[in-house]
$ cat structure-v1.cif   # mmCIF, C-alpha atoms
data_target
loop_
_atom_site.group_PDB
_atom_site.id
_atom_site.type_symbol
_atom_site.label_atom_id
_atom_site.label_comp_id
_atom_site.auth_asym_id
_atom_site.auth_seq_id
_atom_site.Cartn_x
_atom_site.Cartn_y
_atom_site.Cartn_z
ATOM 1 C CA MET A 1414 -8.689 -19.734 -9.080
ATOM 2 C CA ASP A 1415 -12.181 -18.367 -8.279
ATOM 3 C CA TYR A 1416 -15.059 -18.367 -10.754
ATOM 4 C CA HIS A 1417 -14.770 -14.614 -11.211
ATOM 5 C CA GLU A 1418 -11.192 -15.226 -12.421
ATOM 6 C CA LEU A 1419 -11.923 -18.355 -14.449
ATOM 7 C CA ASN A 1420 -15.061 -17.175 -16.233
ATOM 8 C CA PRO A 1421 -13.338 -14.384 -18.223
ATOM 9 C CA LEU A 1422 -10.898 -17.033 -19.496
ATOM 10 C CA ILE A 1423 -13.888 -19.180 -20.470
ATOM 11 C CA ARG A 1424 -15.423 -16.212 -22.267
ATOM 12 C CA GLY A 1425 -12.200 -15.801 -24.214
ATOM 13 C CA ARG A 1426 -12.209 -19.422 -25.302
ATOM 14 C CA GLU A 1427 -15.863 -19.173 -26.329
ATOM 15 C CA LEU A 1428 -14.663 -16.921 -29.163
ATOM 16 C CA GLU A 1429 -12.968 -20.009 -30.654
ATOM 17 C CA LEU A 1430 -16.252 -21.895 -30.957
ATOM 18 C CA LEU A 1431 -17.626 -22.494 -34.439
ATOM 19 C CA SER A 1432 -20.835 -20.550 -35.077
ATOM 20 C CA LYS A 1433 -24.077 -21.727 -36.620
ATOM 21 C CA GLU A 1434 -23.053 -19.862 -39.769
ATOM 22 C CA ASP A 1435 -19.716 -21.734 -39.810
ATOM 23 C CA PHE A 1436 -21.543 -25.073 -39.685
ATOM 24 C CA ASP A 1437 -24.012 -23.953 -42.358
ATOM 25 C CA ARG A 1438 -21.101 -23.191 -44.689
ATOM 26 C CA MET A 1439 -19.411 -26.494 -43.830
ATOM 27 C CA ILE A 1440 -22.571 -28.436 -44.593
ATOM 28 C CA GLN A 1441 -22.683 -26.768 -48.009
ATOM 29 C CA THR A 1442 -19.153 -27.901 -48.934
ATOM 30 C CA LYS A 1443 -19.087 -30.309 -51.848
ATOM 31 C CA SER A 1444 -16.337 -32.631 -50.656
ATOM 32 C CA LEU A 1445 -14.198 -33.717 -47.738
ATOM 33 C CA ASP A 1446 -11.264 -31.748 -49.160
ATOM 34 C CA GLU A 1447 -13.370 -28.576 -49.301
ATOM 35 C CA LEU A 1448 -14.459 -29.156 -45.698
ATOM 36 C CA GLY A 1449 -10.805 -29.546 -44.732
ATOM 37 C CA GLU A 1450 -9.948 -26.230 -46.354
ATOM 38 C CA MET A 1451 -12.601 -24.511 -44.253
ATOM 39 C CA LEU A 1452 -11.351 -26.183 -41.073
ATOM 40 C CA LYS A 1453 -7.856 -24.828 -41.779
ATOM 41 C CA THR A 1454 -9.213 -21.383 -40.867
ATOM 42 C CA THR A 1455 -10.343 -22.564 -37.401
ATOM 43 C CA ILE A 1456 -8.615 -23.727 -34.196
ATOM 44 C CA TYR A 1457 -8.661 -27.222 -35.698
ATOM 45 C CA HIS A 1458 -6.089 -26.272 -38.339
ATOM 46 C CA PRO A 1459 -3.272 -28.365 -36.763
ATOM 47 C CA TYR A 1460 -5.352 -31.476 -37.436
ATOM 48 C CA ILE A 1461 -6.011 -30.806 -41.119
ATOM 49 C CA TYR A 1462 -3.575 -32.427 -43.547
ATOM 50 C CA GLU A 1463 -3.601 -34.995 -46.334
ATOM 51 C CA GLY A 1464 -5.782 -37.876 -45.101
ATOM 52 C CA PHE A 1465 -6.807 -35.950 -41.959
ATOM 53 C CA GLU A 1466 -10.060 -37.907 -41.729
ATOM 54 C CA ARG A 1467 -8.153 -41.045 -40.647
ATOM 55 C CA ASP A 1468 -6.872 -39.360 -37.475
ATOM 56 C CA PHE A 1469 -9.640 -36.825 -36.892
ATOM 57 C CA GLU A 1470 -11.454 -38.776 -34.174
ATOM 58 C CA GLU A 1471 -8.226 -39.402 -32.268
ATOM 59 C CA ASN A 1472 -7.278 -35.723 -32.561
ATOM 60 C CA LEU A 1473 -10.692 -34.560 -31.335
ATOM 61 C CA LEU A 1474 -10.394 -36.838 -28.302
ATOM 62 C CA ALA A 1475 -6.903 -35.533 -27.546
ATOM 63 C CA GLU A 1476 -8.200 -31.947 -27.802
ATOM 64 C CA SER A 1477 -11.071 -32.609 -25.390
ATOM 65 C CA GLY A 1478 -8.760 -34.434 -22.981
ATOM 66 C CA LYS A 1479 -6.528 -31.362 -22.771
ATOM 67 C CA LEU A 1480 -9.575 -29.177 -22.136
ATOM 68 C CA PHE A 1481 -10.843 -31.453 -19.356
ATOM 69 C CA THR A 1482 -7.456 -31.462 -17.665
ATOM 70 C CA TRP A 1483 -7.124 -27.665 -17.862
ATOM 71 C CA LEU A 1484 -10.578 -27.125 -16.393
ATOM 72 C CA LYS A 1485 -10.012 -29.657 -13.615
ATOM 73 C CA GLU A 1486 -6.807 -27.858 -12.627
ATOM 74 C CA SER A 1487 -8.357 -24.386 -12.938
ATOM 75 C CA ALA A 1488 -11.878 -24.772 -11.544
ATOM 76 C CA PRO A 1489 -12.494 -23.826 -7.892
ATOM 77 C CA GLU A 1490 -14.734 -26.911 -7.661
ATOM 78 C CA PRO A 1491 -13.239 -29.725 -9.774
ATOM 79 C CA GLU A 1492 -16.335 -31.819 -9.042
ATOM 80 C CA VAL A 1493 -18.304 -29.439 -11.270
ATOM 81 C CA VAL A 1494 -16.081 -30.509 -14.170
ATOM 82 C CA TRP A 1495 -16.440 -34.167 -13.202
ATOM 83 C CA VAL A 1496 -20.225 -33.906 -13.345
ATOM 84 C CA TYR A 1497 -19.714 -33.448 -17.086
ATOM 85 C CA THR A 1498 -16.730 -35.721 -17.744
ATOM 86 C CA MET A 1499 -18.016 -38.502 -15.457
ATOM 87 C CA ARG A 1500 -19.671 -40.113 -18.489
ATOM 88 C CA TYR A 1501 -16.191 -40.804 -19.830
ATOM 89 C CA THR A 1502 -14.961 -42.116 -16.475
ATOM 90 C CA PHE A 1503 -17.695 -44.743 -16.551
ATOM 91 C CA HIS A 1504 -17.065 -45.436 -20.232
ATOM 92 C CA ASN A 1505 -13.470 -46.189 -19.275
ATOM 93 C CA LEU A 1506 -14.557 -48.438 -16.410
ATOM 94 C CA LYS A 1507 -16.757 -50.440 -18.788
ATOM 95 C CA VAL A 1508 -14.018 -50.851 -21.379
ATOM 96 C CA LEU A 1509 -11.205 -51.656 -18.957
ATOM 97 C CA THR A 1510 -13.334 -54.066 -16.912
ATOM 98 C CA LYS A 1511 -14.169 -55.986 -20.094
ATOM 99 C CA ALA A 1512 -10.463 -55.986 -20.947
ATOM 100 C CA GLU A 1513 -9.678 -57.453 -17.513
ATOM 101 C CA MET A 1514 -12.411 -60.046 -17.917
ATOM 102 C CA THR A 1515 -11.500 -61.157 -21.451
ATOM 103 C CA GLY A 1516 -7.722 -60.737 -21.326
ATOM 104 C CA LYS A 1517 -7.794 -58.318 -24.266
ATOM 105 C CA ASN A 1518 -5.885 -55.048 -24.471
ATOM 106 C CA LEU A 1519 -8.484 -52.311 -24.971
ATOM 107 C CA ASP A 1520 -6.340 -49.365 -23.900
ATOM 108 C CA HIS A 1521 -6.984 -47.693 -27.265
ATOM 109 C CA LEU A 1522 -10.621 -47.221 -26.234
ATOM 110 C CA TYR A 1523 -9.686 -45.283 -23.091
ATOM 111 C CA ARG A 1524 -10.805 -41.636 -23.136
ATOM 112 C CA ASN A 1525 -9.064 -38.980 -21.059
ATOM 113 C CA ASP A 1526 -11.672 -37.648 -18.597
ATOM 114 C CA GLY A 1527 -9.267 -35.163 -17.023
ATOM 115 C CA PHE A 1528 -9.311 -37.028 -13.687
ATOM 116 C CA TYR A 1529 -8.288 -40.702 -13.703
ATOM 117 C CA SER A 1530 -5.502 -42.188 -15.785
ATOM 118 C CA CYS A 1531 -5.821 -45.448 -17.666
ATOM 119 C CA GLU A 1532 -3.288 -47.092 -15.351
ATOM 120 C CA ALA A 1533 -5.048 -45.920 -12.180
ATOM 121 C CA LEU A 1534 -8.356 -47.366 -13.394
ATOM 122 C CA LYS A 1535 -6.781 -50.638 -14.518
ATOM 123 C CA GLN A 1536 -5.057 -51.048 -11.151
ATOM 124 C CA ALA A 1537 -8.300 -50.364 -9.274
ATOM 125 C CA ILE A 1538 -10.204 -52.864 -11.413
ATOM 126 C CA HIS A 1539 -7.507 -55.512 -10.999
ATOM 127 C CA THR A 1540 -7.100 -55.180 -7.223
ATOM 128 C CA GLN A 1541 -10.481 -53.682 -6.170
ATOM 129 C CA ALA A 1542 -8.443 -51.143 -4.181
ATOM 130 C CA SER A 1543 -7.275 -47.591 -4.830
ATOM 131 C CA THR A 1544 -6.078 -44.564 -2.907
ATOM 132 C CA GLU A 1545 -6.904 -42.329 -5.892
ATOM 133 C CA LEU A 1546 -10.462 -43.243 -6.865
ATOM 134 C CA PRO A 1547 -13.432 -42.036 -4.764
ATOM 135 C CA SER A 1548 -15.474 -44.530 -2.759
ATOM 136 C CA GLN A 1549 -18.430 -44.349 -5.134
ATOM 137 C CA LEU A 1550 -16.292 -45.550 -8.039
ATOM 138 C CA MET A 1551 -14.743 -48.283 -5.924
ATOM 139 C CA ASP A 1552 -18.198 -49.475 -4.862
ATOM 140 C CA SER A 1553 -19.185 -49.817 -8.521
ATOM 141 C CA ILE A 1554 -15.960 -51.666 -9.370
ATOM 142 C CA ARG A 1555 -16.459 -54.130 -6.509
ATOM 143 C CA GLU A 1556 -20.086 -54.808 -7.437
ATOM 144 C CA VAL A 1557 -19.071 -55.453 -11.037
ATOM 145 C CA HIS A 1558 -16.281 -57.742 -9.816
ATOM 146 C CA GLU A 1559 -18.792 -59.776 -7.810
ATOM 147 C CA TYR A 1560 -21.057 -59.960 -10.843
ATOM 148 C CA CYS A 1561 -18.201 -61.148 -13.092
ATOM 149 C CA GLU A 1562 -17.393 -63.962 -10.670
ATOM 150 C CA GLU A 1563 -20.875 -65.352 -11.268
ATOM 151 C CA SER A 1564 -21.613 -64.408 -14.887
ATOM 152 C CA SER A 1565 -19.793 -64.079 -18.203
ATOM 153 C CA VAL A 1566 -22.501 -61.914 -19.824
ATOM 154 C CA LEU A 1567 -20.721 -58.665 -20.646
ATOM 155 C CA GLN A 1568 -23.944 -56.628 -20.844
ATOM 156 C CA GLY A 1569 -24.314 -56.893 -17.077
ATOM 157 C CA ILE A 1570 -21.146 -54.826 -16.686
ATOM 158 C CA ASP A 1571 -22.743 -51.937 -18.590
ATOM 159 C CA VAL A 1572 -25.970 -52.214 -16.595
ATOM 160 C CA ILE A 1573 -24.221 -51.921 -13.219
ATOM 161 C CA TYR A 1574 -21.913 -49.080 -14.227
ATOM 162 C CA ASP A 1575 -24.775 -47.145 -15.873
ATOM 163 C CA ARG A 1576 -26.819 -47.374 -12.677
ATOM 164 C CA TYR A 1577 -23.914 -46.079 -10.575
ATOM 165 C CA PHE A 1578 -23.257 -43.302 -13.091
ATOM 166 C CA LEU A 1579 -26.781 -41.858 -12.889
ATOM 167 C CA THR A 1580 -26.917 -42.266 -9.107
ATOM 168 C CA GLU A 1581 -23.610 -40.444 -8.730
ATOM 169 C CA GLN A 1582 -24.765 -37.686 -11.065
ATOM 170 C CA ARG A 1583 -27.778 -36.985 -8.820
ATOM 171 C CA ARG A 1584 -25.740 -37.264 -5.599
ATOM 172 C CA LEU A 1585 -23.075 -34.864 -6.826
ATOM 173 C CA GLY A 1586 -25.629 -32.426 -8.232
ATOM 174 C CA GLU A 1587 -27.375 -32.222 -4.866
ATOM 175 C CA LYS A 1588 -24.058 -31.894 -3.027
ATOM 176 C CA LEU A 1589 -22.856 -28.992 -5.197
ATOM 177 C CA GLY A 1590 -26.139 -27.179 -4.645
ATOM 178 C CA TYR A 1591 -26.543 -25.280 -7.939
ATOM 179 C CA PRO A 1592 -30.244 -25.400 -8.935
ATOM 180 C CA GLU A 1593 -29.576 -25.002 -12.676
ATOM 181 C CA LEU A 1594 -27.054 -27.834 -12.622
ATOM 182 C CA LEU A 1595 -29.398 -30.131 -10.706
ATOM 183 C CA GLU A 1596 -32.181 -29.339 -13.183
ATOM 184 C CA GLU A 1597 -29.937 -30.427 -16.060
ATOM 185 C CA ILE A 1598 -28.926 -33.628 -14.270
ATOM 186 C CA ILE A 1599 -32.519 -34.626 -13.482
ATOM 187 C CA ALA A 1600 -33.603 -33.926 -17.068
ATOM 188 C CA PHE A 1601 -30.676 -36.022 -18.351
ATOM 189 C CA ILE A 1602 -31.726 -38.936 -16.112
ATOM 190 C CA ASP A 1603 -35.409 -38.636 -17.049
ATOM 191 C CA LEU A 1604 -34.680 -38.565 -20.777
ATOM 192 C CA THR A 1605 -32.293 -41.497 -20.414
ATOM 193 C CA ASN A 1606 -34.997 -43.480 -18.606
ATOM 194 C CA ILE A 1607 -37.581 -42.539 -21.250
ATOM 195 C CA THR A 1608 -35.345 -43.929 -23.996
ATOM 196 C CA THR A 1609 -34.328 -47.010 -22.002
ATOM 197 C CA MET A 1610 -37.942 -47.930 -21.249
ATOM 198 C CA ALA A 1611 -38.976 -47.565 -24.897
ATOM 199 C CA ARG A 1612 -36.152 -49.840 -26.024
ATOM 200 C CA GLY A 1613 -37.070 -52.311 -23.284
ATOM 201 C CA ILE A 1614 -40.673 -52.503 -24.518
ATOM 202 C CA LEU A 1615 -39.587 -53.086 -28.129
ATOM 203 C CA GLN A 1616 -37.104 -55.776 -27.007
ATOM 204 C CA GLN A 1617 -39.721 -57.344 -24.681
ATOM 205 C CA ARG A 1618 -37.385 -57.139 -21.697
ATOM 206 C CA SER A 1619 -38.406 -58.668 -18.376
ATOM 207 C CA SER A 1620 -39.398 -56.718 -15.279
ATOM 208 C CA GLY A 1621 -36.189 -57.876 -13.575
ATOM 209 C CA PHE A 1622 -34.022 -56.585 -16.411
ATOM 210 C CA MET A 1623 -35.785 -53.224 -16.534
ATOM 211 C CA THR A 1624 -35.537 -52.885 -12.756
ATOM 212 C CA ALA A 1625 -31.772 -53.228 -13.138
ATOM 213 C CA VAL A 1626 -31.321 -50.768 -16.012
ATOM 214 C CA LEU A 1627 -33.718 -47.962 -15.039
ATOM 215 C CA SER A 1628 -32.488 -45.245 -12.680
ATOM 216 C CA SER A 1629 -34.425 -44.204 -9.585
ATOM 217 C CA SER A 1630 -32.659 -40.808 -9.519
ATOM 218 C CA GLY A 1631 -34.942 -38.934 -11.918
ATOM 219 C CA SER A 1632 -38.184 -37.034 -11.347
ATOM 220 C CA ILE A 1633 -40.417 -39.708 -12.909
ATOM 221 C CA PRO A 1634 -40.644 -42.618 -10.422
ATOM 222 C CA LYS A 1635 -38.948 -45.818 -11.503
ATOM 223 C CA GLU A 1636 -42.111 -47.741 -10.545
ATOM 224 C CA THR A 1637 -44.074 -45.687 -13.085
ATOM 225 C CA PHE A 1638 -41.781 -46.836 -15.880
ATOM 226 C CA LEU A 1639 -41.909 -50.448 -14.673
ATOM 227 C CA SER A 1640 -45.691 -50.457 -14.927
ATOM 228 C CA PHE A 1641 -45.262 -50.440 -18.728
ATOM 229 C CA VAL A 1642 -43.012 -53.520 -18.934
ATOM 230 C CA LYS A 1643 -45.704 -55.671 -20.564
ATOM 231 C CA SER A 1644 -47.402 -52.835 -22.427
ATOM 232 C CA GLU A 1645 -47.440 -52.026 -26.118
ATOM 233 C CA LEU A 1646 -45.280 -49.115 -27.260
ATOM 234 C CA ASP A 1647 -48.265 -46.942 -28.171
ATOM 235 C CA THR A 1648 -49.617 -47.257 -24.602
ATOM 236 C CA TYR A 1649 -46.247 -46.074 -23.274
ATOM 237 C CA LEU A 1650 -46.091 -43.226 -25.786
ATOM 238 C CA ASN A 1651 -49.567 -42.117 -24.685
ATOM 239 C CA PHE A 1652 -48.262 -41.975 -21.116
ATOM 240 C CA LEU A 1653 -45.311 -39.822 -22.206
ATOM 241 C CA GLN A 1654 -47.830 -37.322 -23.581
ATOM 242 C CA THR A 1655 -48.962 -36.728 -19.976
ATOM 243 C CA THR A 1656 -45.475 -35.887 -18.648
ATOM 244 C CA ASP A 1657 -43.585 -32.594 -18.496
ATOM 245 C CA TYR A 1658 -41.573 -33.801 -21.514
ATOM 246 C CA ARG A 1659 -44.565 -34.206 -23.842
ATOM 247 C CA GLN A 1660 -43.863 -31.164 -26.026
ATOM 248 C CA LEU A 1661 -40.150 -31.838 -26.074
ATOM 249 C CA ILE A 1662 -40.349 -35.427 -27.371
ATOM 250 C CA GLU A 1663 -43.358 -34.946 -29.656
ATOM 251 C CA PRO A 1664 -41.218 -34.401 -32.808
ATOM 252 C CA ALA A 1665 -39.693 -37.876 -32.261
ATOM 253 C CA ILE A 1666 -43.076 -39.635 -32.286
ATOM 254 C CA HIS A 1667 -44.629 -40.564 -35.654
ATOM 255 C CA GLU A 1668 -47.704 -42.767 -36.069
ATOM 256 C CA GLY A 1669 -47.116 -44.753 -32.912
ATOM 257 C CA GLU A 1670 -43.378 -45.136 -33.539
ATOM 258 C CA LEU A 1671 -40.460 -43.532 -31.695
ATOM 259 C CA ASP A 1672 -37.528 -42.191 -33.706
ATOM 260 C CA PHE A 1673 -34.584 -42.924 -31.401
ATOM 261 C CA VAL A 1674 -32.062 -40.968 -33.478
ATOM 262 C CA ARG A 1675 -34.310 -37.898 -33.396
ATOM 263 C CA LEU A 1676 -34.939 -38.392 -29.675
ATOM 264 C CA GLU A 1677 -31.204 -38.428 -28.960
ATOM 265 C CA GLN A 1678 -30.810 -35.228 -30.950
ATOM 266 C CA ILE A 1679 -33.705 -33.625 -29.047
ATOM 267 C CA LYS A 1680 -32.097 -34.681 -25.778
ATOM 268 C CA ASP A 1681 -28.768 -33.052 -26.672
ATOM 269 C CA ASP A 1682 -30.447 -29.854 -27.860
ATOM 270 C CA TYR A 1683 -32.659 -29.617 -24.787
ATOM 271 C CA LEU A 1684 -29.797 -30.101 -22.343
ATOM 272 C CA SER A 1685 -27.822 -27.456 -24.247
ATOM 273 C CA SER A 1686 -30.740 -25.032 -23.938
ATOM 274 C CA LEU A 1687 -30.650 -25.384 -20.152
ATOM 275 C CA TYR A 1688 -27.227 -23.717 -20.190
ATOM 276 C CA GLU A 1689 -28.462 -20.600 -21.973
ATOM 277 C CA ALA A 1690 -28.625 -18.708 -18.663
ATOM 278 C CA ALA A 1691 -24.824 -18.919 -18.597
ATOM 279 C CA GLN A 1692 -24.694 -16.111 -21.130
ATOM 280 C CA THR A 1693 -25.817 -13.612 -18.489
ATOM 281 C CA GLN A 1694 -23.996 -15.008 -15.443
ATOM 282 C CA ALA A 1695 -20.604 -13.648 -14.489
ATOM 283 C CA PHE A 1696 -20.196 -15.811 -11.389
ATOM 284 C CA GLY A 1697 -20.693 -19.476 -10.556
ATOM 285 C CA PRO A 1698 -20.078 -22.651 -12.579
ATOM 286 C CA LEU A 1699 -22.636 -22.244 -15.384
ATOM 287 C CA PRO A 1700 -20.287 -20.565 -17.920
ATOM 288 C CA LEU A 1701 -17.776 -23.391 -17.390
ATOM 289 C CA LEU A 1702 -20.422 -26.089 -17.884
ATOM 290 C CA ALA A 1703 -21.958 -24.296 -20.849
ATOM 291 C CA PHE A 1704 -18.558 -24.105 -22.537
ATOM 292 C CA LEU A 1705 -17.845 -27.780 -21.832
ATOM 293 C CA ASN A 1706 -21.175 -28.717 -23.339
ATOM 294 C CA ALA A 1707 -20.625 -26.452 -26.333
ATOM 295 C CA LYS A 1708 -17.253 -28.052 -27.066
ATOM 296 C CA GLU A 1709 -18.740 -31.542 -26.866
ATOM 297 C CA ILE A 1710 -21.604 -30.592 -29.190
ATOM 298 C CA GLU A 1711 -19.074 -29.034 -31.552
ATOM 299 C CA SER A 1712 -17.076 -32.272 -31.585
ATOM 300 C CA LYS A 1713 -20.217 -34.314 -32.299
ATOM 301 C CA ASN A 1714 -21.102 -32.041 -35.197
ATOM 302 C CA LEU A 1715 -17.584 -32.162 -36.639
ATOM 303 C CA ARG A 1716 -17.569 -35.967 -36.457
ATOM 304 C CA LEU A 1717 -20.887 -36.008 -38.266
ATOM 305 C CA LEU A 1718 -19.610 -33.643 -40.951
ATOM 306 C CA VAL A 1719 -16.400 -35.578 -41.589
ATOM 307 C CA ILE A 1720 -18.217 -38.928 -41.707
ATOM 308 C CA GLY A 1721 -20.977 -37.447 -43.860
ATOM 309 C CA LYS A 1722 -18.641 -35.896 -46.404
ATOM 310 C CA LYS A 1723 -16.445 -38.995 -46.485
ATOM 311 C CA ASN A 1724 -19.461 -41.183 -47.250
ATOM 312 C CA HIS A 1725 -21.096 -38.677 -49.625
ATOM 313 C CA PHE A 1726 -24.211 -38.052 -47.529
ATOM 314 C CA ASP A 1727 -26.428 -35.364 -49.036
ATOM 315 C CA ASN A 1728 -26.435 -31.980 -47.309
ATOM 316 C CA GLU A 1729 -29.996 -32.282 -46.023
ATOM 317 C CA THR A 1730 -29.254 -35.590 -44.289
ATOM 318 C CA ILE A 1731 -26.278 -34.008 -42.524
ATOM 319 C CA ARG A 1732 -28.251 -30.881 -41.613
ATOM 320 C CA GLU A 1733 -31.033 -32.947 -40.017
ATOM 321 C CA ARG A 1734 -28.556 -34.646 -37.691
ATOM 322 C CA VAL A 1735 -26.473 -31.646 -36.634
ATOM 323 C CA ARG A 1736 -26.977 -30.625 -33.003
ATOM 324 C CA GLN A 1737 -27.992 -27.173 -31.841
ATOM 325 C CA VAL A 1738 -24.936 -24.907 -31.783
ATOM 326 C CA TYR A 1739 -24.269 -22.920 -28.596
ATOM 327 C CA ASP A 1740 -24.451 -19.205 -29.359
ATOM 328 C CA ALA A 1741 -21.742 -17.516 -27.308
#
$ encode --input "structure-v1.cif" --output "structure tokens"
Amino acid sequence: MDYHELNPLIRGRELELLSKEDFDRMIQTKSLDELGEMLKTTIYHPYIYEGFERDFEENLLAESGKLFTWLKESAPEPEVVWVYTMRYTFHNLKVLTKAEMTGKNLDHLYRNDGFYSCEALKQAIHTQASTELPSQLMDSIREVHEYCEESSVLQGIDVIYDRYFLTEQRRLGEKLGYPELLEEIIAFIDLTNITTMARGILQQRSSGFMTAVLSSSGSIPKETFLSFVKSELDTYLNFLQTTDYRQLIEPAIHEGELDFVRLEQIKDDYLSSLYEAAQTQAFGPLPLLAFLNAKEIESKNLRLLVIGKKNHFDNETIRERVRQVYDA
């Protein structure tokens, strides 16, 4: 299927997305039951029943897994889909590697990424060989295996896989050759590095540790971040005010402190805004990626709403944390 055939189908599915007005009304509901009644009028109605909140997360994951699989099978360039779902591939590698290392069964934490089954990943991790997984994934698995032979510190597994994830994002973005997609990928890496460096300063991490966790695939040189390893946070925040992201992250900075929750929200909203051009494009992969992103943001917002109503959060607290809704 070509993009000119797929994109009209995407446009049709965009009509199912919840609007900003829908979320405003949901925020105003007075209870979880009232929220459920509203959700019964949406595409999520099969998942609303007595006690729906207990299974809601599992049902959202199943819904997204079906979407990923459909897009992988329909897209003319499946790698475009994997650019987005790759985060779940590496999540699965982390979880299943820790399961292999500890002898625990963590299959329930596996998330369908539309590409690699739980069994295929487990087999690759166990044997360090696979005819199904690409070489880049196998390289990461083998490096983690070597690490695990020398160390029992589980955090090192995350560090290695995260580095491979960001490197593969940049490699694939350059290979696919879509400028808008590459812009999103580089911004994602930069904002990830910005957050990682700030946490490293607060936790007084060593230069060696930060060298391992920071990515060299963004637009801000890794060496620039490393120069702040022994600095105070306010010195680092002053540096951020000189970067292209200064206006973007400013709302997350208050009196020399960085609000990480707000920064994560800003990051999601900014990356969503980069897809806005998809609204005027009839060809190419942007409508597909914009829809994928919109569905993921929708899922995040629904999780927040269900958790908020279940725990009796006030409406303003929920509203402050809701992500920007894609306007189809």
$ resolve_selection --input "structure-v1.cif" --expression "the PyMOL selection byres ((chain A and resi 1571) around 12)" --output "list in words"
Phe1503, His1504, Asn1505, Leu1506, Lys1507, Val1508, Leu1509, Thr1510, Lys1511, Ser1553, Ile1554, Glu1556, Val1557, Tyr1560, Cys1561, Val1566, Leu1567, Gln1568, Gly1569, Ile1570, Val1572, Ile1573, Tyr1574, Asp1575, Arg1576, Tyr1577, Phe1578, Ala1625 and Val1626 of chain A
$ residues_around --input "structure-v1.cif" --residues "Pro1547 of chain A" --least-positions-apart "3" --cutoff "12 Å" --atoms "all atoms listed in the file" --output "JSON, numbers by chain"
{"A": [1492, 1495, 1502, 1528, 1529, 1533, 1534, 1537, 1542, 1543, 1544, 1550, 1551, 1552, 1553, 1554, 1581]}
$ resolve_selection --input "structure-v1.cif" --expression "the PyMOL selection byres ((chain A and resi 1526) around 12)" --output "PyMOL selection string"
chain A and resi 1474-1485+1491+1494-1506+1523-1525+1527-1531+1534
$ axis_aligned_box --input "structure-v1.cif" --around "segment 1536-1540 of chain A" --padding-each-side "5 Å" --output "JSON"
{"center_x": -7.6, "center_y": -52.9, "center_z": -9.3, "size_x": 15.1, "size_y": 15.1, "size_z": 14.2}
$ closest_residue --input "structure-v1.cif" --among "A:Gly1697, A:Asn1728, A:Leu1715, A:Pro1459" --to "Pro1421 of chain A" --atoms "only C-alpha atoms"
A:Gly1697
$ closest_residue --input "structure-v1.cif" --among "A:Leu1702, A:Leu1428, A:Leu1615, A:Leu1419" --to "Phe1641 of chain A" --atoms "only C-alpha atoms"
A:Leu1615
$ atom_distance --input "structure-v1.cif" --atom1 "atom CA of Gly1425 of chain A" --atom2 "atom CA of Ile1461 of chain A"
23.4 Å
$ residues_around --input "structure-v1.cif" --residues "Asp1647 of chain A" --least-positions-apart "5" --cutoff "12 Å" --atoms "all atoms listed in the file" --output "PyMOL selection string"
chain A and resi 1611+1614-1615+1641+1652-1654+1666-1671
$ resolve_selection --input "structure-v1.cif" --expression "the PyMOL selection byres ((chain A and resi 1460) around 12)" --output "PyMOL selection string"
chain A and resi 1449-1450+1452-1459+1461-1476
$ residues_around --input "structure-v1.cif" --residues "Glu1711 of chain A" --least-positions-apart "6" --cutoff "8 Å" --atoms "only C-alpha atoms" --output "list in words"
Leu1430, Leu1431 and Val1738 of chain A
$ closest_residue --input "structure-v1.cif" --among "A:Glu1593, A:Asp1682, A:Glu1636, A:Glu1486" --to "Met1610 of chain A" --atoms "all atoms listed in the file"
A:Glu1636
$ closest_residue --input "structure-v1.cif" --among "A:Val1719, A:Leu1676, A:Met1439, A:Leu1579" --to "Ser1629 of chain A" --atoms "only C-alpha atoms"
A:Leu1579
